[in-house]
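Peer 1: After the structure tokens below, expect a handful of questions from me.
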Amino acid sequence: MKSPEAMASGRGVISLRFNQDQGCFSCCMESGLRIYNVEPLVEKAHFDTELMGSVSRCEMLYRSNLLAVVAGGSRPKFAENTVLVYDDVSKKFVLEFTFSDPVKAVRLRRDRLVVALCQHIHVFTFPAPAQRMFSIETRENPLGLCEVTPFLTAERQFLIFPGHKAGSVQLVDLANTEAGMSCAPVTINAHRGELACLAVNQQGTLIATASSKGTLIRVWDTARRNQLVELRRGSDPATLYCINFSMGSEYLCCSSDKGTVHIFALKDTELNKRSTLRGMGPFLGEYVQSQWAFANFTVPPECACICAFQQTKNTVIAICLDGTFHKYVFTNEGNCNRESFDVYLDVCDDDEY
């Protein structure tokens with residue numbers, strides 16, 4: 001299975017990631033790092049290779065001056081086992097975290113920094129003092145799957161990552177942890193195969209999971225640890241790149257290497273499509289029992305992309321490694337209309353933030 005980082009385009013984009021409120025995104029490149037605003041699409045910051053080298057991963061902290069970066073690509077200036085925190089106000093690196101193995105992912109909150117290695121998750125207080133709180137051994141996690149509830153005021157504060165059993169997810173309650181200790185993780189047996197994608201909603205009440213098969217997305221209640229709905233992306237295996245909840249958790253979107261962004265309803269699940277064979281009985285299996293996307297649109301196939309909802313009602317953004325930016329508006333009847341298309345790498349910077 002190819003990760004989004006492994007499918008870098010000819011223009012040198014290595015990876016893309018939205019910030020916590022999905023209003024900005026970072027673009028890690030062979031030529032450095034760029035930060036973009038989504039609406040309107042404007043380049044907000046541009047860091048070249050002289051400062052950062054080639055960058056493989058970046059985690060923004062909302063729209064603040066702090067960025068966590070990991071080197072990678074063909075021209076790295078730093079080691080791949082180091083997380084550097086850059087302060088765009090002082091124009092320098094202010095924190096450095098070095099580990100025994102390459103860093104697979106970084107996640108930031110206003111009070112925590114989380115680092116995923118291939119077989120460990122490390123949690124630090126952040127930004128000051130930056131002290132290790134606890135570390136957890138995980139199943140082999142080459143994709144660096146881990147997510148945290150973004151808002152400190154959210155109903156529940158969770159860190160989620162692959163459990164020790166194939167297809168399982170562990171949940172750690174960040175609200176009940178202290179430096180030097182952690183509470184026992186709770187496990188959800190989500191899939192039979194290895195996990196390929198994880199997401200947590202803004203409220204910390206729901207998580208979404210997908211396996212390496214890529215046909216099903218399951219949504220779970222974090223309080224009761226039970227499955228709420230099963231969503232079918234398709235019948236053919238696919239590599240899922242991204243799952244995201246809307247801000248109010250009314251909808252969920254996902255992208256894959258099939259070149260289609262699917263949109264599902266979570267609040268009013270009657271909007272989702274069902275198989276015409278579902279009335280023929282349970283003997284036909286899960287295929288006809290699952291709920292299908294009620295709306296979708298296409299992006300360049302075989303090109304990894306990330307997708308997210310915007311504050312504007314019923315709007316989904318898809319940003320691809322080939323440098324393209326897609327904005328679609330959907331209706332509850334399942335219609336999807338393209339509102340804008342752009343090449344973000346060609347977008348000029350802007351002095352207003």
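Letters A, B, ... mark the chains of the structure tokens in the order given; residue numbers begin at 1 per chain; ligand numbers begin at 1, in order shown.
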Could you build a table of the residues in stretch 117-216 of chain A lying no more than 12 Å from stretch 232-235 of chain A, giving for each the nearest pair of atoms and their separation in Å rounded to one decimal place, using only C-alpha atoms, ordered by chain and ascending residue number, as a tab-separated table?

Peer 2:
```
residue	atom	partner	partner_atom	distance
A:Thr209	CA	A:Arg232	CA	11.8
A:Ala210	CA	A:Arg233	CA	9.8
A:Ser211	CA	A:Arg233	CA	11.6
A:Lys213	CA	A:Ser235	CA	9.7
A:Gly214	CA	A:Arg233	CA	7.4
A:Thr215	CA	A:Arg233	CA	5.2
A:Leu216	CA	A:Arg232	CA	4.6
```

Peer 1: Using DSSP on the backbone coordinates, identify the residues of stretch 22-257 of chain A assigned to strand (DSSP E or B); present them as a PyMOL selection string.

Peer 2: chain A and resi 24-29+32-37+42-48+53-60+66-76+82-87+92-98+105-108+112-116+120-125+132-137+147-148+158-162+168-173+178+181+186-189+195-200+206-211+216-221+227-232+240-245+251-256

Peer 1: With only C-alpha atoms as the counted atoms, please give the residues lying no more than 9 Å from A:Tyr241, apart from itself and same-chain residues fewer than 4 positions off, as a PyMOL selection string.

Peer 2: chain A and resi 3-4+196-197+254-257+304-307

Peer 1: Any idea what's packed within 8 Å of A:Asn19, counting only C-alpha atoms, ignoring anything in its chain fewer than 3 positions away? Could you give it as an MDAnalysis selection string?

Peer 2: chainID A and resid 22:26 59:63

Peer 1: Quick one: distance from atom CA of A:Glu30 to atom CA of A:Gly323 in Å, one decimal?

Peer 2: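 Pair atom CA of A:Glu30 / atom CA of A:Gly323 returns 13.4 Å.
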
Peer 1: Which neighbours of A:Val83 fall inside 8 Å, counting only C-alpha atoms, when residues of the same chain fewer than 5 positions from it are skipped, and could you give them as a list of chain:residue names?

Peer 2: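 My list of contacting residues is A:Ala68, A:Val69, A:Val70, A:Glu96, A:Phe97, A:Thr98, A:Val103, A:Val106.
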
Peer 1: With N, CA, C and O atoms retained, could you export that selection as a short mmCIF file (atom, residue, chain, number, x, y, z; two decimals), in the first residue's frame?

Peer 2:
```cif
data_model
loop_
_atom_site.label_atom_id
_atom_site.label_comp_id
_atom_site.auth_asym_id
_atom_site.auth_seq_id
_atom_site.Cartn_x
_atom_site.Cartn_y
_atom_site.Cartn_z
N ALA A 68 5.31 22.36 13.62
CA ALA A 68 6.16 21.20 13.90
C ALA A 68 6.51 20.54 12.57
O ALA A 68 5.61 20.20 11.79
N VAL A 69 7.80 20.38 12.29
CA VAL A 69 8.22 19.84 10.99
C VAL A 69 9.17 18.66 11.18
O VAL A 69 9.89 18.56 12.18
N VAL A 70 9.14 17.78 10.18
CA VAL A 70 10.05 16.63 10.12
C VAL A 70 10.70 16.63 8.74
O VAL A 70 10.01 16.78 7.72
N GLU A 96 13.30 21.11 19.95
CA GLU A 96 13.79 19.96 19.18
C GLU A 96 13.55 18.70 19.99
O GLU A 96 13.89 18.63 21.18
N PHE A 97 12.97 17.70 19.33
CA PHE A 97 12.70 16.40 19.96
C PHE A 97 13.36 15.33 19.10
O PHE A 97 13.02 15.19 17.92
N THR A 98 14.27 14.56 19.67
CA THR A 98 14.98 13.54 18.92
C THR A 98 14.64 12.16 19.46
O THR A 98 14.57 11.96 20.69
N VAL A 103 10.57 9.51 12.57
CA VAL A 103 9.25 10.00 12.96
C VAL A 103 8.26 9.75 11.83
O VAL A 103 8.52 10.11 10.68
N VAL A 106 3.32 13.62 13.42
CA VAL A 106 3.30 14.57 14.55
C VAL A 106 1.90 15.15 14.64
O VAL A 106 1.29 15.50 13.62
#
```

Peer 1: Kindly provide the residues of stretch 94-210 of chain A that approach stretch 218-229 of chain A to within 12 Å, each paired with its closest atom pair and their distance in Å to one decimal, based on only C-alpha atoms, listed by chain and increasing number, as CSV.

Peer 2:
```
residue,atom,partner,partner_atom,distance
A:Thr149,CA,A:Thr222,CA,11.2
A:Glu155,CA,A:Ala223,CA,10.3
A:Arg156,CA,A:Thr222,CA,8.3
A:Gln157,CA,A:Thr222,CA,9.9
A:Phe158,CA,A:Thr222,CA,8.5
A:Leu159,CA,A:Thr222,CA,10.9
A:Ile160,CA,A:Thr222,CA,10.1
A:Gly167,CA,A:Arg218,CA,11.6
A:Ser168,CA,A:Arg225,CA,11.8
A:Val169,CA,A:Arg225,CA,10.4
A:Gln170,CA,A:Thr222,CA,10.5
A:Leu171,CA,A:Thr222,CA,8.1
A:Val172,CA,A:Thr222,CA,10.4
A:Asp173,CA,A:Thr222,CA,10.1
A:Val186,CA,A:Arg225,CA,8.7
A:Thr187,CA,A:Arg225,CA,8.3
A:Ile188,CA,A:Arg225,CA,6.5
A:Asn189,CA,A:Arg225,CA,9.4
A:Ala190,CA,A:Arg218,CA,7.4
A:His191,CA,A:Arg218,CA,8.6
A:Leu195,CA,A:Arg218,CA,11.4
A:Cys197,CA,A:Arg218,CA,10.7
A:Leu198,CA,A:Arg218,CA,9.9
A:Ala199,CA,A:Val219,CA,9.3
A:Val200,CA,A:Thr222,CA,9.3
A:Asn201,CA,A:Thr222,CA,10.2
A:Gln203,CA,A:Thr222,CA,10.3
A:Gly204,CA,A:Thr222,CA,7.3
A:Thr205,CA,A:Thr222,CA,5.3
A:Leu206,CA,A:Asp221,CA,5.0
A:Ile207,CA,A:Trp220,CA,5.3
A:Ala208,CA,A:Val219,CA,4.4
A:Thr209,CA,A:Arg218,CA,5.4
A:Ala210,CA,A:Arg218,CA,6.6
```

Peer 1: Now that the selection is made, can you save its residues with N, CA and C atoms as a compact mmCIF listing (two decimals), in the first residue's frame?

Peer 2:
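As written to disk, selection_10.txt reads:
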```
# COMPACT_ATOMS: atom_id res chain seq x y z
N THR A 149 -8.14 14.58 19.73
CA THR A 149 -9.22 15.55 19.77
C THR A 149 -8.60 16.94 19.74
N GLU A 155 -15.98 17.79 24.24
CA GLU A 155 -16.68 16.95 25.22
C GLU A 155 -15.77 15.85 25.76
N ARG A 156 -14.96 15.27 24.87
CA ARG A 156 -14.04 14.21 25.29
C ARG A 156 -12.68 14.46 24.65
N GLN A 157 -11.62 14.11 25.39
CA GLN A 157 -10.25 14.37 24.96
C GLN A 157 -9.55 13.03 24.72
N PHE A 158 -9.42 12.64 23.44
CA PHE A 158 -8.86 11.33 23.15
C PHE A 158 -7.65 11.41 22.23
N LEU A 159 -6.74 10.48 22.48
CA LEU A 159 -5.67 10.15 21.56
C LEU A 159 -6.00 8.76 21.04
N ILE A 160 -6.01 8.60 19.70
CA ILE A 160 -6.33 7.29 19.12
C ILE A 160 -5.18 6.85 18.22
N GLY A 167 -6.17 -4.43 13.14
CA GLY A 167 -7.48 -3.82 12.95
C GLY A 167 -8.08 -3.16 14.17
N SER A 168 -7.38 -3.19 15.29
CA SER A 168 -7.91 -2.59 16.52
C SER A 168 -7.42 -1.15 16.69
N VAL A 169 -8.19 -0.37 17.45
CA VAL A 169 -7.86 1.02 17.75
C VAL A 169 -7.79 1.18 19.26
N GLN A 170 -6.76 1.87 19.73
CA GLN A 170 -6.67 2.18 21.15
C GLN A 170 -7.04 3.64 21.38
N LEU A 171 -7.75 3.88 22.47
CA LEU A 171 -8.15 5.22 22.87
C LEU A 171 -7.55 5.52 24.24
N VAL A 172 -6.85 6.64 24.34
CA VAL A 172 -6.31 7.10 25.62
C VAL A 172 -6.98 8.42 25.96
N ASP A 173 -7.52 8.50 27.16
CA ASP A 173 -8.19 9.71 27.63
C ASP A 173 -7.14 10.72 28.08
N VAL A 186 -8.14 1.96 26.10
CA VAL A 186 -9.32 1.17 25.80
C VAL A 186 -9.25 0.77 24.34
N THR A 187 -9.58 -0.48 24.03
CA THR A 187 -9.43 -0.99 22.67
C THR A 187 -10.77 -1.24 22.01
N ILE A 188 -10.87 -0.85 20.74
CA ILE A 188 -12.01 -1.17 19.90
C ILE A 188 -11.52 -2.06 18.77
N ASN A 189 -12.12 -3.22 18.61
CA ASN A 189 -11.77 -4.12 17.52
C ASN A 189 -12.56 -3.69 16.29
N ALA A 190 -11.95 -2.84 15.48
CA ALA A 190 -12.67 -2.15 14.42
C ALA A 190 -12.73 -2.94 13.11
N HIS A 191 -11.63 -3.63 12.75
CA HIS A 191 -11.56 -4.33 11.46
C HIS A 191 -10.77 -5.62 11.62
N LEU A 195 -5.23 -1.45 9.92
CA LEU A 195 -5.82 -0.12 9.76
C LEU A 195 -5.07 0.67 8.69
N CYS A 197 -6.57 4.10 7.89
CA CYS A 197 -6.96 5.50 8.07
C CYS A 197 -7.75 5.64 9.37
N LEU A 198 -7.53 6.76 10.08
CA LEU A 198 -8.22 7.08 11.31
C LEU A 198 -8.66 8.54 11.29
N ALA A 199 -9.76 8.83 11.99
CA ALA A 199 -10.19 10.21 12.16
C ALA A 199 -10.96 10.33 13.47
N VAL A 200 -10.89 11.50 14.09
CA VAL A 200 -11.68 11.80 15.28
C VAL A 200 -12.40 13.12 15.03
N ASN A 201 -13.65 13.24 15.51
CA ASN A 201 -14.38 14.47 15.26
C ASN A 201 -13.95 15.57 16.22
N GLN A 203 -15.51 17.12 18.48
CA GLN A 203 -16.05 16.99 19.83
C GLN A 203 -15.44 15.84 20.62
N GLY A 204 -14.68 14.97 19.93
CA GLY A 204 -14.09 13.81 20.58
C GLY A 204 -15.09 12.71 20.88
N THR A 205 -16.29 12.79 20.30
CA THR A 205 -17.34 11.81 20.58
C THR A 205 -17.38 10.68 19.57
N LEU A 206 -16.78 10.89 18.39
CA LEU A 206 -16.83 9.90 17.33
C LEU A 206 -15.43 9.66 16.75
N ILE A 207 -15.16 8.42 16.36
CA ILE A 207 -13.98 8.13 15.57
C ILE A 207 -14.41 7.35 14.34
N ALA A 208 -13.65 7.49 13.26
CA ALA A 208 -13.90 6.75 12.03
C ALA A 208 -12.67 5.93 11.70
N THR A 209 -12.88 4.71 11.22
CA THR A 209 -11.78 3.81 10.93
C THR A 209 -11.97 3.16 9.56
N ALA A 210 -10.86 2.84 8.92
CA ALA A 210 -10.88 2.09 7.67
C ALA A 210 -9.69 1.16 7.66
```

Peer 1: Nearest to A:Arg34: which of A:Ser290, A:Ala116, A:Tyr86, A:Leu345 is it, counting only C-alpha atoms?

Peer 2: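 Comparing A:Ser290, A:Ala116, A:Tyr86, A:Leu345 against A:Arg34, the winner is A:Leu345.
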
Peer 1: Select from stretch 136-324 of chain A everything DSSP, run on the backbone, classes as alpha helix (DSSP H), then give the selection as a count of residues only.

Peer 2: 4

Peer 1: Would you pick out the contacts of A:His46 at 12 Å or less, using only C-alpha atoms, so that residues sharing its chain but fewer than 4 positions from it are not included, and give the list as a ChimeraX atom specification?

Peer 2: /A:26-29,31-36,42,50-52,88,345,347-351

Peer 1: Would you please work out which residue, of A:Leu174, A:Cys242, A:Leu16, A:Leu152, is nearest to A:Gln202 when using only C-alpha atoms?

Peer 2: A:Leu152

Peer 1: With distances taken over only C-alpha atoms, which residue among A:Leu231, A:Ser15, A:Val299, A:Leu84 lies nearest A:Arg274?

Peer 2: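 Smallest separation from A:Arg274 among the options: A:Leu231.
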
Peer 1: One decimal, Å: what's the distance from atom CA of A:Arg75 over to atom CA of A:Ser54, could you say?

Peer 2: 5.0 Å
